[in-house]
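Undergrad: Handing you a structure now.
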Amino acid sequence: MSTVPDGTKIIGSLTDRRIKRNGLYKSRICSRGDQMTQGLHYNRSHSPTMMHVSQRCLYSIACMGGFMIAGGDFSQAFTNAPLLPEEQYYMYPPPCAHQVDDNGNRIVWRVVKSLYGGCQASRNWFLMLRKWLKARGFKQCKTEPCIFTRVQNGKTMIIGAYVDDLLVLYDDTSDFDALMAEIKRDF
């Protein structure tokens, strides 16, 4: 709950509910990105994604170079990425949540982290992931911004990022396990 400055445009929210393949229920609160205004709620929304031809190229490199391949995705990836202070916004809670407080005032949430549905969410996630990978010695490919490489002590690792999914090529299991442990710790 938050006090809203006068003249602030408050956006709506949705609740995405699904039953997963394993029978468990999944619920996610999403921003109404269609109600966001560029320059007010976000500045830039472009986020690179790995091209399919690059993904096929990584598989070829793995086969030719004898690399092991692993893939996976981040759980609730976008919510790990903070919003820039000037991109923070206010949102009404979804219909399933309390709409008024004990005093009868309409509840409004101040959003400080990226949410699914937000125009800038995937961009903020990518910027955070890129910073995280670079801090661990990865170099970003100049021609394909979603591919990161690291050669360290004779061990090679190549990561391809597609939104919140990773394709990892590696030649040393202990190096890969160490990276996965860091990912689990930080995300």
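Residues are referred to by chain and number: the chain letter is A, B, ... according to the order shown in the structure tokens, the number counts from 1 in that chain, and ligands are numbered separately from 1 in the order shown.
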At a cut-off of 12 Å, using only C-alpha atoms, what residues contact Thr143 of chain A? Leave out same-chain residues fewer than 4 positions from it and give the result as a VMD selection string.

TA: chain A and resid 48 50 to 51 54 139 147 to 148

Undergrad: Write out, as a PDB file, in the first residue's frame, the residues just selected, with all heavy atoms.

TA:
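Output (part.pdb):
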ATOM      1  N   PRO A  48      16.615  -7.495 -26.328  1.00  0.00           N
ATOM      2  CA  PRO A  48      17.060  -8.458 -27.333  1.00  0.00           C
ATOM      3  C   PRO A  48      16.697  -9.882 -26.941  1.00  0.00           C
ATOM      4  O   PRO A  48      16.608 -10.213 -25.756  1.00  0.00           O
ATOM      5  CB  PRO A  48      18.578  -8.264 -27.361  1.00  0.00           C
ATOM      6  CG  PRO A  48      18.909  -7.733 -26.023  1.00  0.00           C
ATOM      7  CD  PRO A  48      17.725  -6.922 -25.581  1.00  0.00           C
ATOM      8  N   MET A  50      17.613 -14.022 -28.332  1.00  0.00           N
ATOM      9  CA  MET A  50      18.508 -14.784 -29.198  1.00  0.00           C
ATOM     10  C   MET A  50      17.748 -15.238 -30.452  1.00  0.00           C
ATOM     11  O   MET A  50      16.631 -15.738 -30.371  1.00  0.00           O
ATOM     12  CB  MET A  50      19.038 -16.005 -28.436  1.00  0.00           C
ATOM     13  CG  MET A  50      20.020 -16.825 -29.214  1.00  0.00           C
ATOM     14  SD  MET A  50      20.842 -18.096 -28.224  1.00  0.00           S
ATOM     15  CE  MET A  50      19.479 -18.993 -27.529  1.00  0.00           C
ATOM     16  N   MET A  51      18.381 -15.039 -31.598  1.00  0.00           N
ATOM     17  CA  MET A  51      17.774 -15.470 -32.852  1.00  0.00           C
ATOM     18  C   MET A  51      17.795 -16.997 -32.926  1.00  0.00           C
ATOM     19  O   MET A  51      18.693 -17.644 -32.385  1.00  0.00           O
ATOM     20  CB  MET A  51      18.546 -14.885 -34.041  1.00  0.00           C
ATOM     21  CG  MET A  51      18.469 -13.371 -34.114  1.00  0.00           C
ATOM     22  SD  MET A  51      19.312 -12.699 -35.560  1.00  0.00           S
ATOM     23  CE  MET A  51      21.022 -13.001 -35.133  1.00  0.00           C
ATOM     24  N   SER A  54      20.898 -18.449 -34.260  1.00  0.00           N
ATOM     25  CA  SER A  54      21.987 -18.464 -33.273  1.00  0.00           C
ATOM     26  C   SER A  54      21.851 -19.670 -32.352  1.00  0.00           C
ATOM     27  O   SER A  54      22.849 -20.291 -31.975  1.00  0.00           O
ATOM     28  CB  SER A  54      21.971 -17.186 -32.441  1.00  0.00           C
ATOM     29  OG  SER A  54      22.179 -16.060 -33.255  1.00  0.00           O
ATOM     30  N   LYS A 139      31.827 -12.568 -21.484  1.00  0.00           N
ATOM     31  CA  LYS A 139      31.897 -11.484 -22.467  1.00  0.00           C
ATOM     32  C   LYS A 139      30.703 -11.606 -23.390  1.00  0.00           C
ATOM     33  O   LYS A 139      30.371 -12.692 -23.859  1.00  0.00           O
ATOM     34  CB  LYS A 139      33.194 -11.563 -23.259  1.00  0.00           C
ATOM     35  CG  LYS A 139      34.395 -11.260 -22.404  1.00  0.00           C
ATOM     36  CD  LYS A 139      35.633 -11.127 -23.230  1.00  0.00           C
ATOM     37  CE  LYS A 139      36.697 -10.587 -22.322  1.00  0.00           C
ATOM     38  NZ  LYS A 139      37.889 -11.151 -22.245  1.00  0.00           N
ATOM     39  N   ILE A 147      24.286 -13.832 -26.529  1.00  0.00           N
ATOM     40  CA  ILE A 147      25.251 -14.910 -26.329  1.00  0.00           C
ATOM     41  C   ILE A 147      26.432 -14.364 -25.546  1.00  0.00           C
ATOM     42  O   ILE A 147      26.965 -13.296 -25.854  1.00  0.00           O
ATOM     43  CB  ILE A 147      25.708 -15.517 -27.676  1.00  0.00           C
ATOM     44  CG1 ILE A 147      24.519 -16.220 -28.339  1.00  0.00           C
ATOM     45  CG2 ILE A 147      26.863 -16.483 -27.466  1.00  0.00           C
ATOM     46  CD1 ILE A 147      24.831 -16.864 -29.653  1.00  0.00           C
ATOM     47  N   PHE A 148      26.800 -15.113 -24.518  1.00  0.00           N
ATOM     48  CA  PHE A 148      27.879 -14.733 -23.618  1.00  0.00           C
ATOM     49  C   PHE A 148      28.881 -15.883 -23.549  1.00  0.00           C
ATOM     50  O   PHE A 148      28.478 -17.043 -23.476  1.00  0.00           O
ATOM     51  CB  PHE A 148      27.333 -14.433 -22.223  1.00  0.00           C
ATOM     52  CG  PHE A 148      26.344 -13.315 -22.195  1.00  0.00           C
ATOM     53  CD1 PHE A 148      24.997 -13.552 -22.456  1.00  0.00           C
ATOM     54  CD2 PHE A 148      26.742 -12.018 -21.912  1.00  0.00           C
ATOM     55  CE1 PHE A 148      24.070 -12.520 -22.445  1.00  0.00           C
ATOM     56  CE2 PHE A 148      25.828 -10.982 -21.893  1.00  0.00           C
ATOM     57  CZ  PHE A 148      24.490 -11.232 -22.160  1.00  0.00           C
TER      58      PHE A 148
END

Undergrad: Can you tell me, as a list in words, what residues are no more than 9 Å from segment 39-43 of chain A when counting only C-alpha atoms, ignoring any on the same chain fewer than 5 positions away?

TA: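 Listing them by chain and then by number gives Lys9, Leu84, Glu86, Glu87, Gln88, Tyr89, Gly118, Cys119 and Gln120 of chain A.
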
Undergrad: Could you give me, as a Markdown table, a per-residue list for segment 30-96 of chain A showing, wherever an atom lies at most 7 Å from an atom of segment 107-116 of chain A, the closest pair of atoms and their distance in Å to one decimal, using only C-alpha atoms and sorting by chain then residue number from low to high?

TA:
| residue | atom | partner | partner_atom | distance |
| --- | --- | --- | --- | --- |
| A:Cys30 | CA | A:Tyr116 | CA | 4.9 |
| A:Ser31 | CA | A:Leu115 | CA | 6.2 |
| A:Phe78 | CA | A:Ser114 | CA | 5.5 |
| A:Thr79 | CA | A:Ser114 | CA | 5.1 |
| A:Ala81 | CA | A:Ser114 | CA | 5.6 |
| A:Pro82 | CA | A:Lys113 | CA | 4.2 |
| A:Leu83 | CA | A:Lys113 | CA | 5.0 |
| A:Gln88 | CA | A:Val112 | CA | 5.3 |
| A:Tyr89 | CA | A:Val111 | CA | 5.4 |
| A:Tyr90 | CA | A:Arg110 | CA | 4.5 |
| A:Met91 | CA | A:Trp109 | CA | 5.2 |
| A:Tyr92 | CA | A:Val108 | CA | 4.9 |
| A:Pro93 | CA | A:Val108 | CA | 6.5 |

Undergrad: Could you write out that same residue set with N, CA and C atoms as a short mmCIF file (atom, residue, chain, number, x, y, z; two decimals), in the first residue's frame?

TA:
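The result, stored in out01.cif:
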data_model
loop_
_atom_site.label_atom_id
_atom_site.label_comp_id
_atom_site.auth_asym_id
_atom_site.auth_seq_id
_atom_site.Cartn_x
_atom_site.Cartn_y
_atom_site.Cartn_z
N CYS A 30 0.01 -9.57 -12.84
CA CYS A 30 0.61 -8.91 -14.00
C CYS A 30 0.16 -7.46 -14.08
N SER A 31 1.08 -6.61 -14.53
CA SER A 31 0.74 -5.21 -14.81
C SER A 31 -0.04 -5.12 -16.10
N PHE A 78 11.33 -12.03 -14.19
CA PHE A 78 11.15 -10.58 -14.30
C PHE A 78 11.08 -9.91 -12.93
N THR A 79 10.54 -10.61 -11.95
CA THR A 79 10.40 -9.99 -10.62
C THR A 79 11.73 -9.85 -9.90
N ALA A 81 14.24 -8.34 -11.35
CA ALA A 81 14.83 -7.11 -11.90
C ALA A 81 14.18 -5.87 -11.30
N PRO A 82 14.97 -5.02 -10.66
CA PRO A 82 14.40 -3.79 -10.10
C PRO A 82 14.08 -2.78 -11.20
N LEU A 83 13.11 -1.95 -10.92
CA LEU A 83 12.78 -0.84 -11.82
C LEU A 83 13.68 0.34 -11.49
N GLN A 88 9.35 3.55 -11.65
CA GLN A 88 8.42 2.99 -10.67
C GLN A 88 7.05 3.60 -10.88
N TYR A 89 6.02 2.80 -10.67
CA TYR A 89 4.67 3.26 -10.94
C TYR A 89 3.69 2.73 -9.90
N TYR A 90 2.45 3.17 -10.01
CA TYR A 90 1.41 2.77 -9.07
C TYR A 90 0.38 1.93 -9.81
N MET A 91 -0.15 0.92 -9.09
CA MET A 91 -1.03 -0.04 -9.72
C MET A 91 -2.15 -0.41 -8.75
N TYR A 92 -3.35 -0.55 -9.28
CA TYR A 92 -4.45 -1.06 -8.48
C TYR A 92 -4.26 -2.56 -8.29
N PRO A 93 -4.60 -3.10 -7.13
CA PRO A 93 -4.49 -4.56 -6.95
C PRO A 93 -5.50 -5.28 -7.86
#

Undergrad: Identify all residues of chain A in alpha helix (DSSP H) (DSSP on the backbone) and supply them as an MDAnalysis selection string.

TA: chainID A and resid 52:65 121:135 173:186
